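Engineer: So here's target33.txt, just compact mmCIF, C-alpha atoms:
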# COMPACT_ATOMS: atom_id res chain seq x y z
CA MET A 293 -22.66 -8.30 31.19
CA THR A 294 -23.49 -8.39 27.50
CA ASN A 295 -22.10 -11.43 25.83
CA LYS A 296 -20.10 -10.45 22.76
CA VAL A 297 -18.71 -13.90 22.06
CA TYR A 298 -20.49 -16.12 19.52
CA ARG A 299 -19.88 -19.80 18.95
CA ASP A 300 -19.03 -19.53 15.25
CA SER A 301 -18.68 -17.00 12.45
CA ALA A 302 -22.13 -17.66 10.98
CA SER A 303 -23.87 -16.99 14.28
CA ALA A 304 -21.70 -13.93 14.91
CA LEU A 305 -23.15 -12.47 11.69
CA THR A 306 -26.78 -13.44 12.39
CA GLY A 307 -29.17 -10.63 11.57
CA LEU A 308 -26.44 -8.34 10.28
CA LEU A 309 -26.36 -9.21 6.58
CA ARG A 310 -28.58 -7.72 3.88
CA ASP A 311 -28.29 -7.26 0.12
CA GLY A 312 -26.71 -3.99 -1.05
CA MET A 313 -24.91 -3.28 2.22
CA THR A 314 -21.40 -1.81 2.65
CA ILE A 315 -18.89 -4.12 4.33
CA ILE A 316 -15.44 -2.96 5.42
CA SER A 317 -12.94 -5.81 5.55
CA GLY A 318 -9.52 -5.80 7.21
CA GLY A 319 -6.28 -7.19 5.85
CA PHE A 320 -3.50 -6.36 3.43
CA GLY A 321 -3.28 -8.89 0.62
CA ILE A 322 -4.23 -12.00 2.55
CA CYS A 323 -2.31 -10.96 5.68
CA GLY A 324 -4.57 -10.31 8.66
CA ILE A 325 -7.80 -11.02 6.77
CA PRO A 326 -10.96 -12.10 8.62
CA ASP A 327 -11.19 -15.19 6.44
CA SER A 328 -13.59 -17.14 8.62
CA LEU A 329 -16.07 -14.23 8.71
CA LEU A 330 -15.68 -13.73 4.95
CA ALA A 331 -16.38 -17.44 4.42
CA ALA A 332 -19.56 -17.07 6.48
CA ILE A 333 -20.59 -14.04 4.40
CA GLU A 334 -20.00 -16.13 1.28
CA ASP A 335 -22.13 -18.97 2.67
CA SER A 336 -24.94 -16.55 3.55
CA GLY A 337 -25.46 -15.71 -0.13
CA VAL A 338 -25.93 -11.98 0.56
CA ARG A 339 -25.55 -10.03 -2.70
CA ASP A 340 -24.79 -6.66 -4.35
CA LEU A 341 -22.22 -5.82 -1.71
CA THR A 342 -20.02 -2.74 -1.67
CA ILE A 343 -16.73 -3.93 -0.20
CA VAL A 344 -14.15 -1.54 1.23
CA THR A 345 -10.77 -3.22 1.57
CA ASN A 346 -7.18 -2.53 0.55
CA ASN A 347 -7.20 -5.17 -2.20
CA PRO A 348 -9.46 -8.10 -3.07
CA GLY A 349 -7.15 -10.83 -1.79
CA LEU A 350 -6.26 -13.70 -4.04
CA ASP A 351 -8.49 -15.79 -6.24
CA GLY A 352 -10.99 -17.41 -3.84
CA MET A 353 -9.18 -16.15 -0.73
CA GLY A 354 -10.17 -13.29 1.55
CA VAL A 355 -12.49 -10.88 -0.28
CA GLY A 356 -11.61 -12.99 -3.34
CA ARG A 357 -14.17 -15.50 -2.01
CA LEU A 358 -16.95 -12.97 -2.52
CA VAL A 359 -15.59 -12.00 -5.94
CA ASN A 360 -15.63 -15.62 -7.13
CA SER A 361 -19.20 -16.06 -5.87
CA ARG A 362 -20.23 -12.77 -7.59
CA GLN A 363 -21.55 -11.24 -4.39
CA VAL A 364 -19.56 -8.02 -4.94
CA ARG A 365 -21.22 -5.18 -6.88
CA LYS A 366 -18.63 -2.53 -6.07
CA LEU A 367 -15.12 -2.55 -4.67
CA ILE A 368 -13.41 0.45 -3.07
CA ALA A 369 -9.69 -0.40 -2.91
CA SER A 370 -6.20 0.91 -3.57
CA TYR A 371 -5.06 -2.10 -5.51
CA ALA A 372 -6.72 -4.87 -7.48
CA GLY A 373 -3.81 -6.88 -8.89
CA GLU A 374 -3.07 -10.48 -7.94
CA ASN A 375 -6.72 -11.53 -8.38
CA ALA A 376 -7.32 -12.73 -11.94
CA THR A 377 -11.03 -13.37 -11.42
CA PHE A 378 -11.57 -9.82 -10.21
CA ALA A 379 -9.56 -8.43 -13.15
CA LYS A 380 -11.69 -10.45 -15.59
CA GLN A 381 -14.97 -9.30 -14.02
CA TYR A 382 -13.77 -5.69 -13.95
CA LEU A 383 -12.58 -5.60 -17.56
CA ALA A 384 -15.93 -7.17 -18.59
CA GLY A 385 -17.79 -4.39 -16.72
CA GLU A 386 -19.40 -6.84 -14.30
CA VAL A 387 -18.09 -5.22 -11.14
CA GLU A 388 -17.55 -1.58 -10.26
CA LEU A 389 -14.15 -0.44 -8.95
CA GLU A 390 -13.38 2.81 -7.14
CA TYR A 391 -9.64 3.25 -6.87
CA CYS A 392 -8.61 5.12 -3.75
CA PRO A 393 -4.96 5.74 -2.80
CA GLN A 394 -4.07 3.52 0.15
CA GLY A 395 -3.33 6.38 2.53
CA SER A 396 -6.51 8.22 1.55
CA LEU A 397 -8.49 4.98 1.92
CA VAL A 398 -7.34 4.33 5.46
CA GLU A 399 -7.71 7.99 6.39
CA ARG A 400 -11.27 8.02 4.98
CA ILE A 401 -12.01 5.05 7.21
CA ARG A 402 -10.27 6.65 10.20
CA ALA A 403 -12.27 9.84 9.64
CA GLY A 404 -15.54 7.93 9.22
CA GLY A 405 -14.96 6.15 12.50
CA SER A 406 -14.04 9.38 14.31
CA GLY A 407 -17.00 11.54 13.32
CA ILE A 408 -15.16 13.50 10.63
CA PRO A 409 -17.21 13.70 7.39
CA ALA A 410 -14.38 14.87 5.12
CA PHE A 411 -10.80 16.08 5.15
CA TYR A 412 -8.24 17.73 2.85
CA THR A 413 -5.24 15.75 1.68
CA PRO A 414 -2.39 16.38 -0.77
CA THR A 415 -2.60 12.81 -2.09
CA GLY A 416 -3.92 12.52 -5.63
CA VAL A 417 -3.87 16.22 -6.53
CA GLY A 418 -3.48 16.56 -10.32
CA THR A 419 -4.40 12.91 -10.95
CA GLN A 420 -7.62 11.16 -11.96
CA VAL A 421 -8.29 10.60 -8.24
CA ALA A 422 -8.99 14.34 -7.98
CA GLU A 423 -11.63 14.35 -10.74
CA GLY A 424 -14.90 15.79 -9.47
CA LYS A 425 -13.46 16.56 -6.04
CA GLU A 426 -13.34 19.95 -4.38
CA THR A 427 -9.84 21.41 -4.00
CA ARG A 428 -8.52 24.19 -1.83
CA LEU A 429 -5.23 25.99 -1.26
CA PHE A 430 -3.64 25.95 2.17
CA ASP A 431 -0.36 27.84 2.59
CA GLY A 432 0.03 27.93 -1.18
CA ARG A 433 -0.37 24.20 -1.77
CA GLU A 434 -3.35 22.47 -3.35
CA TYR A 435 -5.28 19.81 -1.42
CA LEU A 436 -8.35 17.81 -2.31
CA LEU A 437 -11.38 16.95 -0.24
CA GLU A 438 -11.92 13.27 0.54
CA ARG A 439 -15.04 11.91 2.24
CA GLY A 440 -15.05 9.74 5.33
CA ILE A 441 -16.25 6.15 5.01
CA PHE A 442 -18.58 4.51 7.50
CA GLY A 443 -19.81 0.99 6.76
CA ASP A 444 -22.84 -1.02 7.72
CA LEU A 445 -20.54 -3.78 8.93
CA ALA A 446 -16.81 -4.13 9.57
CA VAL A 447 -15.17 -7.55 9.73
CA ILE A 448 -11.68 -7.69 11.18
CA HIS A 449 -9.02 -10.15 12.32
CA ALA A 450 -7.05 -9.84 15.57
CA TRP A 451 -4.50 -12.09 17.20
CA LYS A 452 -5.86 -11.99 20.71
CA GLY A 453 -8.95 -10.57 22.33
CA ASP A 454 -10.69 -10.69 25.67
CA SER A 455 -14.43 -11.23 25.96
CA GLU A 456 -14.96 -7.47 26.39
CA GLY A 457 -13.64 -7.04 22.83
CA ASN A 458 -10.28 -5.51 23.71
CA LEU A 459 -7.94 -6.55 20.91
CA VAL A 460 -4.26 -6.92 20.12
CA TYR A 461 -2.77 -7.74 16.75
CA ARG A 462 0.31 -9.57 15.58
CA MET A 463 3.04 -7.90 13.48
CA THR A 464 1.94 -6.78 10.00
CA ALA A 465 -1.39 -8.59 10.36
CA ARG A 466 -2.46 -5.40 12.17
CA ASN A 467 -2.59 -3.21 9.01
CA PHE A 468 -6.13 -1.82 8.38
CA ASN A 469 -7.84 -3.85 11.13
CA PRO A 470 -7.72 -1.41 14.11
CA VAL A 471 -8.84 1.49 11.91
CA MET A 472 -11.68 -0.46 10.33
CA ALA A 473 -12.85 -1.63 13.76
CA THR A 474 -13.95 1.96 14.43
CA ALA A 475 -15.81 2.65 11.18
CA ALA A 476 -19.06 0.67 10.97
CA LYS A 477 -22.46 0.40 12.64
CA VAL A 478 -21.42 -3.06 13.79
CA THR A 479 -17.89 -4.48 14.01
CA VAL A 480 -17.38 -8.22 14.24
CA ALA A 481 -13.91 -9.44 15.15
CA GLU A 482 -12.43 -12.88 14.75
CA VAL A 483 -9.61 -13.65 17.19
CA GLU A 484 -7.11 -16.48 17.28
CA HIS A 485 -6.86 -16.44 21.06
CA LEU A 486 -9.79 -15.63 23.33
CA VAL A 487 -8.97 -14.73 26.95
CA GLU A 488 -10.74 -13.39 30.03
CA PRO A 489 -10.81 -9.63 30.74
CA GLY A 490 -7.69 -8.69 32.69
CA GLU A 491 -5.44 -11.13 30.91
CA ILE A 492 -4.27 -8.54 28.40
CA ASP A 493 -2.21 -5.72 29.92
CA PRO A 494 -4.39 -2.59 29.38
CA ASP A 495 -1.26 -0.75 28.24
CA HIS A 496 -0.96 -3.19 25.34
CA ILE A 497 -4.53 -3.05 24.04
CA ILE A 498 -4.68 -1.61 20.51
CA THR A 499 -8.44 -1.70 19.92
CA PRO A 500 -10.60 -0.88 22.97
CA GLY A 501 -13.66 -3.09 23.31
CA ILE A 502 -16.09 -0.22 22.72
CA PHE A 503 -15.58 -0.70 18.98
CA VAL A 504 -16.25 -4.44 18.94
CA LYS A 505 -19.88 -5.56 19.15
CA ARG A 506 -19.44 -9.25 18.40
CA MET A 507 -16.56 -11.68 18.29
CA VAL A 508 -15.72 -15.24 17.45
CA GLN A 509 -12.68 -17.35 18.20
CA VAL A 510 -10.95 -18.95 15.23
CA PRO A 511 -8.18 -21.07 16.72
CA ASP A 512 -5.22 -21.93 14.50
CA PRO A 513 -6.55 -20.41 11.28
CA TYR A 514 -4.92 -21.57 8.08
CA LYS A 515 -2.70 -18.70 6.90
CA HIS A 516 -1.60 -18.82 3.32
CA ILE A 517 1.59 -16.96 2.36
CA GLU A 518 1.15 -14.95 -0.84
CA LYS A 519 4.85 -14.65 -1.74
CA ARG A 520 7.23 -16.92 0.10
CA THR A 521 10.65 -15.26 -0.06
CA VAL A 522 13.62 -16.71 1.84
CA ARG A 523 17.38 -16.34 2.07
CA GLN A 524 19.90 -19.15 2.16
CA ARG A 525 21.87 -19.87 5.28
CA ALA A 526 25.52 -18.87 4.83
CA MET B 235 27.53 -0.71 -21.26
CA PRO B 236 24.23 0.49 -19.79
CA TRP B 237 23.67 -0.29 -16.12
CA ASN B 238 21.83 -3.53 -15.34
CA ARG B 239 19.08 -3.69 -12.71
CA GLU B 240 21.53 -4.27 -9.86
CA GLN B 241 23.73 -1.39 -11.01
CA ILE B 242 20.73 0.96 -11.25
CA ALA B 243 19.83 -0.07 -7.68
CA ALA B 244 23.42 0.47 -6.51
CA ARG B 245 23.42 3.98 -8.00
CA ALA B 246 20.11 4.69 -6.25
CA ALA B 247 21.56 3.42 -2.95
CA GLN B 248 24.11 6.25 -3.10
CA GLU B 249 21.21 8.66 -2.46
CA LEU B 250 20.74 7.18 1.03
CA LYS B 251 22.29 9.00 3.95
CA ASP B 252 23.03 7.78 7.44
CA GLY B 253 19.97 7.92 9.69
CA PHE B 254 17.44 8.07 6.86
CA TYR B 255 13.98 6.52 7.05
CA VAL B 256 13.48 5.00 3.61
CA ASN B 257 10.57 3.61 1.63
CA LEU B 258 11.41 1.33 -1.30
CA GLY B 259 8.92 0.45 -4.03
CA ILE B 260 8.52 -2.89 -5.77
CA GLY B 261 10.87 -4.14 -8.52
CA ILE B 262 14.31 -2.54 -8.99
CA PRO B 263 13.81 -0.42 -5.81
CA THR B 264 13.59 -3.59 -3.70
CA LEU B 265 17.16 -4.43 -4.77
CA VAL B 266 18.42 -1.21 -3.16
CA ALA B 267 18.03 -2.82 0.28
CA ASN B 268 21.00 -5.10 -0.50
CA MET B 269 23.24 -2.25 -1.63
CA ILE B 270 23.31 0.18 1.27
CA PRO B 271 26.73 1.90 1.30
CA GLU B 272 29.13 0.98 4.09
CA GLY B 273 28.79 3.14 7.19
CA VAL B 274 25.22 4.13 6.32
CA SER B 275 22.53 2.94 8.69
CA ILE B 276 18.92 3.35 7.59
CA GLN B 277 15.49 2.10 8.65
CA LEU B 278 13.23 0.70 5.96
CA HIS B 279 9.55 1.62 6.05
CA SER B 280 6.94 -0.77 4.72
CA GLU B 281 3.57 0.90 4.18
CA ASN B 282 1.56 -2.06 5.44
CA GLY B 283 2.65 -1.05 8.93
CA MET B 284 6.29 -1.70 9.73
CA LEU B 285 9.39 0.37 10.31
CA GLY B 286 12.76 -1.33 10.62
CA MET B 287 12.36 -4.12 8.10
CA GLY B 288 14.77 -7.03 8.16
CA PRO B 289 15.90 -9.34 5.34
CA PHE B 290 13.98 -12.31 3.97
CA PRO B 291 13.65 -15.11 6.55
CA TYR B 292 15.60 -18.35 6.43
CA ALA B 293 13.67 -21.20 4.84
CA GLY B 294 11.34 -22.67 7.42
CA GLU B 295 11.14 -19.42 9.42
CA GLU B 296 8.60 -17.62 7.21
CA ASP B 297 5.63 -16.16 9.06
CA ALA B 298 2.38 -15.32 7.25
CA ASP B 299 1.83 -12.40 9.66
CA LEU B 300 5.13 -10.74 8.72
CA ILE B 301 5.21 -9.41 5.17
CA ASN B 302 6.32 -6.29 3.30
CA ALA B 303 4.26 -4.08 1.00
CA GLY B 304 5.06 -6.43 -1.88
CA LYS B 305 3.45 -9.23 0.19
CA GLU B 306 6.82 -10.99 0.51
CA THR B 307 7.82 -12.66 3.76
CA VAL B 308 10.36 -10.56 5.73
CA THR B 309 11.81 -10.51 9.27
CA LYS B 310 11.88 -8.16 12.21
CA ILE B 311 15.08 -6.67 13.64
CA PRO B 312 15.85 -5.03 17.01
CA THR B 313 14.69 -1.58 15.78
CA THR B 314 11.37 -2.83 14.36
CA SER B 315 8.04 -1.26 15.22
CA PHE B 316 4.58 -2.25 14.00
CA PHE B 317 1.61 0.12 13.60
CA ASP B 318 -1.67 0.41 11.75
CA SER B 319 -2.08 1.63 8.18
CA ALA B 320 -3.36 5.09 9.22
CA MET B 321 -0.21 5.81 11.20
CA SER B 322 1.91 4.32 8.42
CA PHE B 323 0.48 6.74 5.88
CA GLY B 324 0.67 9.57 8.39
CA MET B 325 4.44 8.97 8.39
CA MET B 326 4.54 9.42 4.63
CA ARG B 327 2.05 12.22 4.15
CA GLY B 328 3.44 14.06 7.15
CA GLY B 329 6.90 14.20 5.61
CA HIS B 330 8.56 11.96 8.22
CA ILE B 331 10.01 9.52 5.68
CA ASP B 332 13.19 11.02 4.21
CA ILE B 333 13.26 9.43 0.78
CA SER B 334 11.36 7.03 -1.43
CA ILE B 335 12.80 5.09 -4.34
CA LEU B 336 10.07 4.02 -6.77
CA GLY B 337 9.67 2.38 -10.14
CA GLY B 338 8.21 4.34 -13.04
CA LEU B 339 6.40 3.89 -16.33
CA GLN B 340 6.87 7.52 -17.47
CA VAL B 341 8.40 10.68 -16.02
CA SER B 342 7.74 14.04 -17.63
CA GLU B 343 10.02 16.99 -18.22
CA LYS B 344 8.41 18.69 -15.16
CA GLY B 345 8.82 15.66 -12.92
CA ASP B 346 5.28 14.30 -13.25
CA LEU B 347 5.24 10.57 -12.52
CA ALA B 348 3.05 7.85 -14.04
CA ASN B 349 3.60 4.45 -12.48
CA TRP B 350 0.29 2.87 -11.49
CA THR B 351 -1.76 1.85 -14.48
CA ILE B 352 -1.91 1.24 -18.21
CA PRO B 353 -5.61 1.79 -19.01
CA GLY B 354 -7.36 -1.23 -20.49
CA LYS B 355 -4.31 -3.43 -20.04
CA MET B 356 -3.37 -3.61 -16.42
CA VAL B 357 -5.70 -3.98 -13.46
CA LYS B 358 -3.46 -3.12 -10.55
CA GLY B 359 -3.84 0.19 -8.74
CA MET B 360 -1.87 2.95 -7.12
CA GLY B 361 -1.58 1.25 -3.73
CA GLY B 362 0.46 3.67 -1.65
CA ALA B 363 2.33 5.34 -4.52
CA MET B 364 0.19 8.51 -4.68
CA ASP B 365 0.56 9.05 -0.92
CA LEU B 366 4.33 8.53 -1.11
CA VAL B 367 4.88 11.07 -3.87
CA ALA B 368 2.55 13.56 -2.14
CA GLY B 369 4.31 13.41 1.20
CA VAL B 370 7.89 12.20 0.97
CA PRO B 371 10.26 15.14 0.42
CA ARG B 372 12.66 13.34 -1.94
CA ILE B 373 11.43 11.00 -4.68
CA VAL B 374 13.88 8.98 -6.77
CA VAL B 375 12.52 7.06 -9.77
CA VAL B 376 14.46 4.09 -11.12
CA MET B 377 13.42 2.58 -14.44
CA GLU B 378 14.59 1.36 -17.84
CA HIS B 379 15.19 4.36 -20.08
CA GLU B 380 12.97 2.98 -22.84
CA ALA B 381 10.01 0.62 -23.08
CA LYS B 382 9.72 -1.19 -26.42
CA GLY B 383 11.89 1.46 -28.08
CA GLN B 384 9.83 4.34 -26.65
CA SER B 385 11.39 6.90 -24.35
CA ARG B 386 10.01 6.83 -20.84
CA ILE B 387 11.27 10.35 -20.17
CA VAL B 388 8.71 12.43 -22.01
CA ASN B 389 7.55 16.02 -22.38
CA GLU B 390 4.07 15.12 -21.10
CA CYS B 391 3.01 11.80 -19.59
CA THR B 392 0.41 9.98 -21.69
CA LEU B 393 -0.37 7.49 -18.90
CA PRO B 394 -2.50 8.40 -15.85
CA LEU B 395 -0.44 10.34 -13.32
CA THR B 396 0.62 9.25 -9.87
CA GLY B 397 1.59 12.81 -8.97
CA ARG B 398 2.40 16.15 -10.57
CA GLN B 399 5.91 17.64 -10.24
CA VAL B 400 6.95 15.11 -7.64
CA VAL B 401 10.12 13.48 -8.99
CA ASP B 402 13.50 14.81 -7.80
CA LEU B 403 15.90 12.36 -9.45
CA ILE B 404 15.60 9.83 -12.31
CA ILE B 405 18.04 6.93 -12.58
CA THR B 406 17.78 4.80 -15.73
CA ASP B 407 20.02 2.14 -17.25
CA LEU B 408 21.62 4.94 -19.31
CA ALA B 409 21.81 8.06 -17.20
CA VAL B 410 20.89 10.13 -14.16
CA PHE B 411 18.71 13.26 -14.38
CA GLU B 412 17.92 15.85 -11.74
CA VAL B 413 14.51 17.51 -11.81
CA ASP B 414 13.85 21.05 -10.66
CA PRO B 415 10.42 22.32 -11.73
CA ALA B 416 11.54 25.90 -11.05
CA ARG B 417 13.87 25.73 -14.08
CA THR B 418 13.05 25.49 -17.79
CA PRO B 419 13.73 22.89 -18.91
CA SER B 420 13.38 21.23 -15.55
CA LEU B 421 15.49 18.20 -16.41
CA LYS B 422 19.25 18.22 -16.05
CA LEU B 423 21.41 15.32 -17.28
CA ILE B 424 24.07 14.95 -14.58
CA GLU B 425 25.58 11.52 -15.11
CA LEU B 426 26.00 8.81 -17.75
CA ALA B 427 26.30 5.07 -17.25
CA PRO B 428 29.82 3.91 -18.13
CA GLY B 429 30.30 3.67 -21.91
CA VAL B 430 27.02 5.44 -22.69
CA SER B 431 27.43 8.63 -24.73
CA ALA B 432 25.57 11.89 -24.29
CA GLY B 433 24.48 11.45 -27.92
CA GLU B 434 22.84 8.10 -27.20
CA VAL B 435 20.90 9.61 -24.28
CA ARG B 436 19.84 12.56 -26.47
CA GLU B 437 18.60 10.16 -29.14
CA LYS B 438 16.63 8.02 -26.66
CA THR B 439 15.09 10.83 -24.59
CA ASP B 440 11.93 12.58 -25.79
CA ALA B 441 11.89 15.26 -23.11
CA ALA B 442 13.86 18.49 -23.29
CA TYR B 443 16.78 18.72 -20.85
CA VAL B 444 20.05 20.52 -20.25
CA GLU B 445 23.39 18.77 -19.97
CA ALA B 446 25.44 19.33 -16.86
CA LEU B 447 27.93 16.49 -17.01
CA ASN B 448 31.15 16.70 -15.06
Show me, as structure tokens, the structure contained in the file I just sent.

Structural biologist:
Amino acid sequence: MTNKVYRDSASALTGLLRDGMTIISGGFGICGIPDSLLAAIEDSGVRDLTIVTNNPGLDGMGVGRLVNSRQVRKLIASYAGENATFAKQYLAGEVELEYCPQGSLVERIRAGGSGIPAFYTPTGVGTQVAEGKETRLFDGREYLLERGIFGDLAVIHAWKGDSEGNLVYRMTARNFNPVMATAAKVTVAEVEHLVEPGEIDPDHIITPGIFVKRMVQVPDPYKHIEKRTVRQRA
Amino acid sequence: MPWNREQIAARAAQELKDGFYVNLGIGIPTLVANMIPEGVSIQLHSENGMLGMGPFPYAGEEDADLINAGKETVTKIPTTSFFDSAMSFGMMRGGHIDISILGGLQVSEKGDLANWTIPGKMVKGMGGAMDLVAGVPRIVVVMEHEAKGQSRIVNECTLPLTGRQVVDLIITDLAVFEVDPARTPSLKLIELAPGVSAGEVREKTDAAYVEALN
């Protein structure tokens, strides 16, 4: 049986990184981000990356690590607030940004991972997102053509996985991760809990192991909370 | 007296009907969650992959894996379900969410909405706003009527659009407008905040509209 499990994030990425590549990275804000794999990408020094992610994390956290270290040449994202370093680099013209509506972004990734090169969507019609894109009427309504996205590498975070690469996620840390797992030549997953095949009920598996080529266990990862909001006990 | 932020949110909450699936934007819309009318039961949708969103957690019970679209810590409730982002946006684009209440920077006379960027000034992004306005059948925009003395209800938006002819109702601190792009003008003033005169709204609104006050 092929061994998918690597001893650490750096070794899980061995031979996969090259300058100018496209990396798809899971997470929403800093929730459900593959932070250990991103740290290993930072340490590798690989450059001129195109990063596909919902938003570039926080300053120095998540994809923000690669922004601070100036390894990102282009970002494809739906949102770029909350990261002052990215904003500064973008306004200075040092990094390229392709805004993509969040639903179109995830659908482009879903399509890319499912062998669909392009699809029509109503999102963004009549806005700057539609500039240069083909449009077509269906049933009297205008739609625009969006291209699928398929990366060289996807890095994702899951809560639990077995050594076959079957994955489950925890609450809203799921977000883009299962979709991104399908949309790259190689997907590397970090998991908090690593178990033997059979320990996860097959009915509960969200990402089947076919999509996961390599994995690494990151026990008890530090999880920063971006906005801590609480209510008072009555 | 014009409505304050809470009062704008309370007015918006009256648009919610029992059984609705509801998406609330960031800012004033978030306040709507605390003002659901009595007898109305709704499920809140959070585009990062959650339906049935509970209130903020008690101090000490925050969980980094459980946040809303504004990245704030929230809680789950008995009706909660979690799903990936593709399914979440399928819910919106597919018309399964009944209503969305969003903030705005500008709304045009035809119901065009601009709410995602001020070029050269603000590096943020549209997030899920363009998908919401494209797919959710009823869009309510809540915002201050003016920004720095400039009307936010305009004949044509000068800021980059989020969507064209997508707004159904505008609630500001001064008034409520209905939008029906099939009419000319498309805007109809239907309600004033207490103590606000029709003349004041006329003076502070750039866009053409008809008055239909009761």

Engineer: Quick one: pull the distance between atom CA of Asp495 of chain A and atom CA of Gly324 of chain A, Å, one decimal.

Structural biologist: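 So the answer is 22.0 Å.
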
Engineer: With 6 Å as the cut-off and all atoms listed in the file counted, what is the closest atom pair between each nearby residue of chain A and chain B? Distances in Å to one decimal, ordered by chain and number, as a Markdown table.

Structural biologist:
| residue | atom | partner | partner_atom | distance |
| --- | --- | --- | --- | --- |
| A:Cys323 | CA | B:Asp299 | CA | 5.9 |
| A:Ser370 | CA | B:Gly361 | CA | 4.6 |
| A:Tyr371 | CA | B:Gly359 | CA | 4.1 |
| A:Ala372 | CA | B:Lys358 | CA | 4.8 |
| A:Gly373 | CA | B:Lys358 | CA | 4.1 |
| A:Ala379 | CA | B:Val357 | CA | 5.9 |
| A:Pro393 | CA | B:Gly361 | CA | 5.7 |
| A:Gln394 | CA | B:Gly362 | CA | 4.9 |
| A:Gly395 | CA | B:Phe323 | CA | 5.1 |
| A:Val398 | CA | B:Ala320 | CA | 5.5 |
| A:Glu399 | CA | B:Ala320 | CA | 5.9 |
| A:Pro414 | CA | B:Ala368 | CA | 5.9 |
| A:Thr415 | CA | B:Asp365 | CA | 5.0 |
| A:Gly416 | CA | B:Met364 | CA | 5.8 |
| A:Gly418 | CA | B:Arg398 | CA | 5.9 |
| A:Thr419 | CA | B:Leu395 | CA | 5.3 |
| A:Met463 | CA | B:Phe316 | CA | 5.9 |
| A:Thr464 | CA | B:Leu300 | CA | 5.2 |
| A:Ala465 | CA | B:Asp299 | CA | 5.0 |
| A:Arg466 | CA | B:Asp318 | CA | 5.9 |
| A:Asn467 | CA | B:Asp318 | CA | 4.6 |
| A:Phe468 | CA | B:Ser319 | CA | 5.3 |
| A:Ile517 | CA | B:Ala298 | CA | 5.2 |
| A:Lys519 | CA | B:Glu306 | CA | 4.7 |
| A:Arg520 | CA | B:Thr307 | CA | 5.6 |
| A:Thr521 | CA | B:Thr307 | CA | 5.4 |
| A:Val522 | CA | B:Phe290 | CA | 4.9 |
| A:Arg523 | CA | B:Tyr292 | CA | 5.1 |

Engineer: In Å to one decimal, how far is atom CA of Ala244 of chain B from atom CA of His379 of chain B?

Structural biologist: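 We find that atom CA of His379 of chain B and atom CA of Ala244 of chain B lie 16.3 Å from each other.
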
Engineer: From the list B:Leu393, B:Ala243, B:Ile331, B:Leu447, which residue is nearest Pro353 of chain B when using all atoms listed in the file?

Structural biologist: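 When distances to Pro353 of chain B are compared using all atoms listed in the file, the smallest one comes from B:Leu393.
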
Engineer: Applying 9 Å and all atoms listed in the file, which residues near Arg245 of chain B remain after dropping the ones on its own chain fewer than 6 positions away? List them as a ChimeraX atom specification.

Structural biologist: /B:266,269,405

Engineer: Write the residues of the preceding selection, restricted to C-alpha atoms, as a CSV table (one decimal), in the frame of the given file.

Structural biologist:
chain,number,residue,atom,x,y,z
B,266,VAL,CA,18.4,-1.2,-3.2
B,269,MET,CA,23.2,-2.2,-1.6
B,405,ILE,CA,18.0,6.9,-12.6

Engineer: Let me make sure I understand: among A:Thr427, A:Gln363, A:Thr474, A:Ser301, which one has the smallest atom-to-atom distance to Leu445 of chain A if we use all atoms listed in the file?

Structural biologist: A:Thr474

Engineer: Between B:Leu278, B:Met235, B:Ile311, B:Ala441, which residue has the minimum interatomic distance to Gly429 of chain B, considering all atoms listed in the file?

Structural biologist: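 Using all atoms listed in the file, the shortest distance to Gly429 of chain B belongs to B:Met235.
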
Engineer: I'd like the contact shell of Ile333 of chain B - 6 Å cut-off, only C-alpha atoms, skipping same-chain residues fewer than 5 positions apart - returned as a PyMOL selection string.

Structural biologist: chain B and resi 256+372-373

Engineer: By how many Å are atom CA of Lys505 of chain A and atom CA of Asn347 of chain A apart?

Structural biologist: 24.8 Å

Engineer: Taking all atoms listed in the file into account, name the residue in A:Ile448, A:Ala422, A:Leu459, A:Ile316 that is nearest to Leu436 of chain A.

Structural biologist: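 When distances to Leu436 of chain A are compared using all atoms listed in the file, the smallest one comes from A:Ala422.
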